[in-house]
file model_27.cif (mmCIF, C-alpha atoms and all ligand atoms)
data_query
loop_
_atom_site.label_atom_id
_atom_site.label_comp_id
_atom_site.auth_asym_id
_atom_site.auth_seq_id
_atom_site.Cartn_x
_atom_site.Cartn_y
_atom_site.Cartn_z
CA MET A 1 109.74 89.83 99.65
CA LYS A 2 106.95 88.76 97.29
CA ARG A 3 103.92 87.05 98.75
CA LEU A 4 102.49 83.83 97.29
CA GLY A 5 98.96 82.50 97.62
CA ILE A 6 98.60 78.79 96.90
CA LEU A 7 95.31 77.22 95.83
CA LEU A 8 95.00 73.44 95.97
CA SER A 9 92.39 70.69 96.09
CA GLY A 10 94.28 67.56 97.08
CA ARG A 11 97.64 65.98 97.82
CA GLY A 12 99.64 69.20 97.64
CA SER A 13 102.98 67.84 96.44
CA ASN A 14 103.54 70.85 94.16
CA PHE A 15 102.76 73.16 97.06
CA LEU A 16 105.38 71.28 99.12
CA ALA A 17 107.94 71.65 96.33
CA ILE A 18 107.31 75.41 96.31
CA ALA A 19 107.46 75.55 100.13
CA SER A 20 110.80 73.69 100.09
CA SER A 21 112.25 76.11 97.54
CA VAL A 22 111.11 79.03 99.69
CA ALA A 23 112.60 77.43 102.82
CA ALA A 24 115.89 76.75 100.99
CA GLY A 25 116.14 80.44 100.02
CA GLU A 26 115.87 79.59 96.31
CA LEU A 27 112.74 81.71 95.87
CA PRO A 28 112.65 85.34 97.04
CA ALA A 29 109.13 84.87 98.34
CA GLU A 30 107.03 83.81 101.27
CA ILE A 31 103.83 81.78 101.34
CA ALA A 32 101.16 84.16 102.64
CA ILE A 33 98.24 81.72 102.55
CA VAL A 34 97.24 78.25 101.34
CA ILE A 35 93.59 77.85 100.36
CA SER A 36 91.71 74.67 99.50
CA ASN A 37 88.16 74.15 98.28
CA ARG A 38 88.21 70.75 100.02
CA GLY A 39 88.61 70.41 103.78
CA GLU A 40 90.08 66.93 103.52
CA ALA A 41 92.89 68.03 101.16
CA ARG A 42 96.20 66.61 102.37
CA GLY A 43 97.85 69.88 101.28
CA ILE A 44 95.95 71.79 103.97
CA SER A 45 97.19 69.64 106.84
CA ALA A 46 100.70 69.75 105.35
CA ALA A 47 100.51 73.57 105.29
CA ARG A 48 99.40 73.70 108.94
CA GLU A 49 102.18 71.29 109.94
CA ARG A 50 104.58 73.85 108.47
CA GLY A 51 103.04 76.67 110.46
CA LEU A 52 101.55 78.33 107.38
CA LEU A 53 98.18 80.04 107.30
CA ALA A 54 95.75 77.59 105.69
CA ALA A 55 92.09 78.20 104.91
CA VAL A 56 89.32 75.98 103.60
CA VAL A 57 86.73 77.71 101.43
CA PRO A 58 84.25 74.97 100.47
CA SER A 59 82.98 75.03 96.90
CA ARG A 60 80.54 72.15 96.96
CA GLY A 61 76.90 73.18 96.84
CA ARG A 62 77.68 76.90 96.62
CA GLU A 63 77.31 79.47 93.88
CA ARG A 64 80.60 79.97 92.00
CA GLU A 65 80.44 83.73 92.54
CA GLU A 66 80.02 83.45 96.29
CA HIS A 67 82.82 80.89 96.60
CA GLU A 68 85.22 82.82 94.42
CA SER A 69 84.64 86.20 96.02
CA GLU A 70 85.55 84.67 99.38
CA VAL A 71 88.77 83.23 97.92
CA VAL A 72 89.65 86.52 96.18
CA SER A 73 89.10 88.57 99.32
CA LEU A 74 91.28 86.22 101.40
CA LEU A 75 94.06 86.54 98.80
CA GLN A 76 93.67 90.33 98.81
CA GLN A 77 93.61 90.56 102.60
CA ARG A 78 96.88 88.63 102.66
CA GLN A 79 98.28 91.03 100.01
CA VAL A 80 99.30 88.25 97.70
CA ASP A 81 101.49 89.20 94.71
CA LEU A 82 101.21 85.90 92.86
CA VAL A 83 98.55 83.18 92.98
CA CYS A 84 99.81 79.64 92.30
CA LEU A 85 97.29 76.96 91.38
CA ALA A 86 98.77 73.67 92.57
CA GLY A 87 96.34 70.90 91.73
CA TYR A 88 93.39 73.28 92.11
CA MET A 89 90.68 71.44 90.24
CA ARG A 90 88.40 74.36 89.43
CA LEU A 91 88.12 76.64 86.44
CA LEU A 92 88.46 80.30 87.47
CA SER A 93 85.83 82.78 86.28
CA PRO A 94 86.83 85.84 84.19
CA GLN A 95 86.17 88.02 87.27
CA PHE A 96 88.67 86.02 89.33
CA VAL A 97 91.28 86.17 86.56
CA ARG A 98 90.75 89.94 86.19
CA ALA A 99 91.32 90.44 89.93
CA PHE A 100 94.95 89.24 89.44
CA PRO A 101 95.97 90.16 85.88
CA HIS A 102 98.97 88.03 84.80
CA ARG A 103 99.46 87.14 88.42
CA ILE A 104 97.95 83.63 88.44
CA LEU A 105 100.03 80.57 87.48
CA ASN A 106 99.00 76.95 86.96
CA ILE A 107 100.85 73.69 86.47
CA HIS A 108 99.46 70.99 84.22
CA PRO A 109 100.86 67.45 83.69
CA SER A 110 101.16 67.51 79.89
CA LEU A 111 102.83 69.56 77.17
CA LEU A 112 99.96 71.94 76.45
CA PRO A 113 98.02 72.37 74.23
CA ALA A 114 98.06 68.54 74.18
CA PHE A 115 95.86 66.80 76.73
CA PRO A 116 94.18 69.57 78.74
CA GLY A 117 91.63 68.75 81.43
CA LEU A 118 91.47 65.78 83.74
CA GLU A 119 93.85 62.79 83.76
CA ALA A 120 96.34 64.32 81.34
CA GLN A 121 98.87 61.54 82.01
CA ARG A 122 96.30 58.85 81.13
CA GLN A 123 95.29 60.80 78.01
CA ALA A 124 98.94 60.85 76.83
CA LEU A 125 99.37 57.12 77.49
CA ASP A 126 96.08 56.18 75.80
CA TYR A 127 96.89 58.38 72.81
CA GLY A 128 100.22 56.63 72.34
CA ALA A 129 102.26 59.84 72.70
CA ARG A 130 106.03 59.21 72.75
CA VAL A 131 106.75 62.42 74.65
CA THR A 132 104.67 64.23 77.23
CA GLY A 133 105.66 66.38 80.22
CA CYS A 134 104.46 69.34 82.20
CA THR A 135 103.61 72.98 81.57
CA VAL A 136 103.58 76.04 83.83
CA HIS A 137 101.45 78.80 82.35
CA PHE A 138 99.63 82.02 83.17
CA VAL A 139 95.96 81.42 83.85
CA ASP A 140 93.25 82.90 81.68
CA GLU A 141 89.53 82.16 81.73
CA HIS A 142 89.92 79.00 79.62
CA LEU A 143 90.94 75.62 80.99
CA ASP A 144 94.71 74.87 80.91
CA HIS A 145 95.17 77.57 78.29
CA GLY A 146 97.06 80.83 79.09
CA PRO A 147 100.55 81.92 77.90
CA ILE A 148 103.29 79.35 78.61
CA ILE A 149 106.11 80.18 81.02
CA LEU A 150 108.00 76.91 81.07
CA GLN A 151 107.64 73.33 79.78
CA GLN A 152 109.59 70.20 80.55
CA ALA A 153 109.42 67.14 78.30
CA VAL A 154 109.21 63.59 79.68
CA PRO A 155 109.57 60.57 77.36
CA VAL A 156 106.90 57.87 77.46
CA LEU A 157 108.65 54.51 77.87
CA GLU A 158 107.44 51.17 76.46
CA SER A 159 107.31 49.84 80.01
CA ASP A 160 105.24 52.77 81.34
CA ASP A 161 101.97 52.31 83.13
CA LEU A 162 99.94 55.22 84.48
CA ALA A 163 101.66 55.22 87.88
CA ALA A 164 105.19 55.12 86.46
CA LEU A 165 104.58 57.85 83.89
CA SER A 166 102.70 60.08 86.36
CA SER A 167 105.49 59.84 88.90
CA ARG A 168 108.22 60.77 86.37
CA ILE A 169 106.11 63.74 85.24
CA LEU A 170 105.52 64.76 88.88
CA GLU A 171 109.27 64.75 89.56
CA GLN A 172 109.65 67.29 86.73
CA GLU A 173 106.66 69.32 87.97
CA HIS A 174 108.41 69.75 91.32
CA ILE A 175 111.45 71.24 89.56
CA ALA A 176 109.54 73.26 86.95
CA TYR A 177 107.03 75.02 89.21
CA PRO A 178 109.50 76.72 91.61
CA GLU A 179 111.70 77.62 88.62
CA ALA A 180 108.77 79.21 86.76
CA ILE A 181 107.79 81.20 89.86
CA ARG A 182 111.39 82.36 90.24
CA ARG A 183 111.43 83.58 86.63
CA VAL A 184 108.10 85.37 86.93
CA LEU A 185 109.09 87.07 90.19
CA GLY A 186 112.41 88.06 88.63
CA GLY A 187 110.52 90.36 86.24
CA GLY A 188 111.89 91.60 82.93
CA TRP A 189 109.28 89.74 80.88
CA THR A 190 106.44 90.81 78.64
CA ILE A 191 103.55 88.96 77.08
CA GLU A 192 103.30 89.35 73.32
CA GLY A 193 100.22 87.57 72.04
CA ARG A 194 100.50 84.13 73.56
CA ARG A 195 104.28 84.37 74.01
CA VAL A 196 105.95 85.15 77.30
CA VAL A 197 109.17 86.91 76.31
CA PHE A 198 111.97 87.06 78.89
CA GLN A 199 114.38 89.96 78.36
CA ARG A 200 116.79 88.63 80.94
C1 LIG B 1 99.55 67.68 89.51
O1 LIG B 1 99.97 66.62 88.70
C2 LIG B 1 99.13 68.87 88.67
O2 LIG B 1 99.93 69.03 87.53
C3 LIG B 1 97.71 68.49 88.29
O3 LIG B 1 97.18 67.97 89.49
C4 LIG B 1 98.23 67.33 90.23
C5 LIG B 1 98.20 67.86 91.64
O4 LIG B 1 99.13 67.16 92.44
N1 LIG B 1 96.97 69.63 87.82
C6 LIG B 1 96.10 69.59 86.80
O5 LIG B 1 95.80 68.56 86.21
C7 LIG B 1 95.49 70.94 86.40
N2 LIG B 1 94.72 70.84 85.23
P1 LIG B 1 99.62 67.76 93.82
O6 LIG B 1 98.34 68.09 94.62
O7 LIG B 1 100.40 66.67 94.47
O8 LIG B 1 100.43 68.99 93.54
#

call {"tool": "encode", "arguments": {"input": "model_27.cif", "output": "structure tokens", "more": "lines below"}}
Ligand code: GAR
result
Amino acid sequence: MKRLGILLSGRGSNFLAIASSVAAGELPAEIAIVISNRGEARGISAARERGLLAAVVPSRGREREEHESEVVSLLQQRQVDLVCLAGYMRLLSPQFVRAFPHRILNIHPSLLPAFPGLEAQRQALDYGARVTGCTVHFVDEHLDHGPIILQQAVPVLESDDLAALSSRILEQEHIAYPEAIRRVLGGGWTIEGRRVVFQR
């Protein structure tokens, strides 16, 4: 059974989607630890309510290196096979990324490389995009950037406001993230340049 480490900073709805897939037996994995950089993150209380190990490693007012090495050693102690960023609003340093080569995933609410960074849904709406969506990708040291595992398109409707568009994208995120994890854990893939090539 593969072991997942989840990093989050807030609401935790993607974490809950992953946890539900695990509980339903759709993912051959268990959640070994949930870590937040913010103590007040709703995702942390949700993890504890589910009986999962949840840790808060505060980032505010601390050196990046000190914060990250604490997070990395918790993930290593828990023998995590795959790290899933689920609304983790921090850029990882090259040292962090190197500690888990091709073993860190992120979900982002746009079709990358369009609209990286904060408020991707608002960026798409303001830009006048007709189609946006979500992307699950391997994490490298650049923001919202590594090789793409899976993308799901979501049309932007004339009637959309930020809340409506964000919630339709989020629905797709909750399907895409467990599916991407399932594919990565299934193996049989290689990374060629920026392309993730699945042999099966
Ligand atoms: C999600 O929409 C996720 O795609 C986004 O943060 C939200 C977290 O929601 N992540 C990013 O923008 C990463 N650049 P959640 O806490 O309910 O999963």

call {"tool": "atom_distance", "arguments": {"input": "model_27.cif", "atom1": "atom CA of Ile169 of chain A", "atom2": "atom CA of Ile181 of chain A"}}
result
18.1 Å

call {"tool": "closest_residue", "arguments": {"input": "model_27.cif", "among": "A:Arg62, A:His102, A:Arg11, A:Arg168", "to": "ligand LIG 1 (chain B)", "atoms": "all atoms listed in the file"}}
result
A:Arg11

call {"tool": "residues_around", "arguments": {"input": "model_27.cif", "residues": "Gly5 of chain A", "least_positions_apart": "6", "cutoff": "7 Å", "atoms": "all atoms listed in the file", "output": "list of chain:residue names"}}
result
A:Ile31, A:Ala32, A:Ile33, A:Val34, A:Leu75, A:Val80, A:Leu82, A:Val83, A:Cys84

call {"tool": "residues_around", "arguments": {"input": "model_27.cif", "residues": "Ala46 of chain A", "least_positions_apart": "6", "cutoff": "9 Å", "atoms": "all atoms listed in the file", "output": "list in words"}}
result
Arg11, Gly12, Leu16 and Leu52 of chain A

call {"tool": "closest_residue", "arguments": {"input": "model_27.cif", "among": "A:Val139, A:Ala99, A:Leu165, A:Met89", "to": "ligand LIG 1 (chain B)", "atoms": "all atoms listed in the file"}}
result
A:Met89

call {"tool": "closest_residue", "arguments": {"input": "model_27.cif", "among": "A:Gln199, A:Gln79, A:Ser69, A:Gln123", "to": "Val97 of chain A", "atoms": "all atoms listed in the file"}}
result
A:Ser69

call {"tool": "closest_atom_pairs", "arguments": {"input": "model_27.cif", "of": "chain A", "to": "ligand LIG 1 (chain B)", "cutoff": "6 Å", "atoms": "all atoms listed in the file", "output": "Markdown table"}}
result
| residue | atom | partner | partner_atom | distance |
| --- | --- | --- | --- | --- |
| A:Gly10 | CA | B:LIG1 | O6 | 4.8 |
| A:Arg11 | CA | B:LIG1 | O6 | 3.9 |
| A:Gly12 | CA | B:LIG1 | O6 | 3.5 |
| A:Ser13 | CA | B:LIG1 | O7 | 3.5 |
| A:Asn14 | CA | B:LIG1 | O8 | 3.7 |
| A:Phe15 | CA | B:LIG1 | O8 | 5.9 |
| A:Ala86 | CA | B:LIG1 | O8 | 5.1 |
| A:Gly87 | CA | B:LIG1 | C5 | 3.6 |
| A:Ile107 | CA | B:LIG1 | O2 | 4.9 |
| A:His108 | CA | B:LIG1 | O2 | 3.9 |
| A:Pro109 | CA | B:LIG1 | O2 | 4.3 |
| A:Gly117 | CA | B:LIG1 | N2 | 5.3 |
| A:Leu118 | CA | B:LIG1 | O5 | 5.7 |
| A:Asp144 | CA | B:LIG1 | N2 | 5.9 |
| A:Leu170 | CA | B:LIG1 | O1 | 5.9 |

call {"tool": "axis_aligned_box", "arguments": {"input": "model_27.cif", "around": "segment 54-57 of chain A", "padding_each_side": "5 Å", "output": "AutoDock Vina command-line options"}}
result
--center_x 91.2 --center_y 77.1 --center_z 103.6 --size_x 19.0 --size_y 12.2 --size_z 14.3

call {"tool": "residues_around", "arguments": {"input": "model_27.cif", "residues": "Val196 of chain A", "least_positions_apart": "4", "cutoff": "12 Å", "atoms": "only C-alpha atoms", "output": "PDB file with C-alpha atoms, keeping the file's coordinate frame"}}
result
ATOM      1  CA  HIS A 102      98.970  88.030  84.800  1.00  0.00           C
ATOM      2  CA  VAL A 136     103.580  76.040  83.830  1.00  0.00           C
ATOM      3  CA  HIS A 137     101.450  78.800  82.350  1.00  0.00           C
ATOM      4  CA  PHE A 138      99.630  82.020  83.170  1.00  0.00           C
ATOM      5  CA  GLY A 146      97.060  80.830  79.090  1.00  0.00           C
ATOM      6  CA  PRO A 147     100.550  81.920  77.900  1.00  0.00           C
ATOM      7  CA  ILE A 148     103.290  79.350  78.610  1.00  0.00           C
ATOM      8  CA  ILE A 149     106.110  80.180  81.020  1.00  0.00           C
ATOM      9  CA  LEU A 150     108.000  76.910  81.070  1.00  0.00           C
ATOM     10  CA  ALA A 180     108.770  79.210  86.760  1.00  0.00           C
ATOM     11  CA  ARG A 183     111.430  83.580  86.630  1.00  0.00           C
ATOM     12  CA  VAL A 184     108.100  85.370  86.930  1.00  0.00           C
ATOM     13  CA  GLY A 187     110.520  90.360  86.240  1.00  0.00           C
ATOM     14  CA  GLY A 188     111.890  91.600  82.930  1.00  0.00           C
ATOM     15  CA  TRP A 189     109.280  89.740  80.880  1.00  0.00           C
ATOM     16  CA  THR A 190     106.440  90.810  78.640  1.00  0.00           C
ATOM     17  CA  ILE A 191     103.550  88.960  77.080  1.00  0.00           C
ATOM     18  CA  GLU A 192     103.300  89.350  73.320  1.00  0.00           C
ATOM     19  CA  ARG A 200     116.790  88.630  80.940  1.00  0.00           C
TER      20      ARG A 200
END

call {"tool": "atom_distance", "arguments": {"input": "model_27.cif", "atom1": "atom CA of Ile35 of chain A", "atom2": "atom CA of His67 of chain A"}}
result
11.8 Å

call {"tool": "closest_residue", "arguments": {"input": "model_27.cif", "among": "A:Leu111, A:Val57, A:Ala17, A:Ala153", "to": "His174 of chain A", "atoms": "only C-alpha atoms"}}
result
A:Ala17

call {"tool": "atom_distance", "arguments": {"input": "model_27.cif", "atom1": "atom CA of Glu30 of chain A", "atom2": "atom CA of Lys2 of chain A"}}
result
6.4 Å

call {"tool": "residues_around", "arguments": {"input": "model_27.cif", "residues": "Arg98 of chain A", "least_positions_apart": "3", "cutoff": "12 Å", "atoms": "all atoms listed in the file", "output": "ChimeraX atom specification"}}
result
/A:72,92-95,101-104,139-141

call {"tool": "write_last_selection", "arguments": {"input": "model_27.cif", "atoms": "C-alpha atoms", "output": "short mmCIF file (atom, residue, chain, number, x, y, z; two decimals), in the frame of the given file"}}
result
data_model
loop_
_atom_site.label_atom_id
_atom_site.label_comp_id
_atom_site.auth_asym_id
_atom_site.auth_seq_id
_atom_site.Cartn_x
_atom_site.Cartn_y
_atom_site.Cartn_z
CA VAL A 72 89.65 86.52 96.18
CA LEU A 92 88.46 80.30 87.47
CA SER A 93 85.83 82.78 86.28
CA PRO A 94 86.83 85.84 84.19
CA GLN A 95 86.17 88.02 87.27
CA PRO A 101 95.97 90.16 85.88
CA HIS A 102 98.97 88.03 84.80
CA ARG A 103 99.46 87.14 88.42
CA ILE A 104 97.95 83.63 88.44
CA VAL A 139 95.96 81.42 83.85
CA ASP A 140 93.25 82.90 81.68
CA GLU A 141 89.53 82.16 81.73
#

call {"tool": "closest_residue", "arguments": {"input": "model_27.cif", "among": "A:His145, A:Arg78, A:Arg50, A:Arg182", "to": "Arg194 of chain A", "atoms": "all atoms listed in the file"}}
result
A:His145
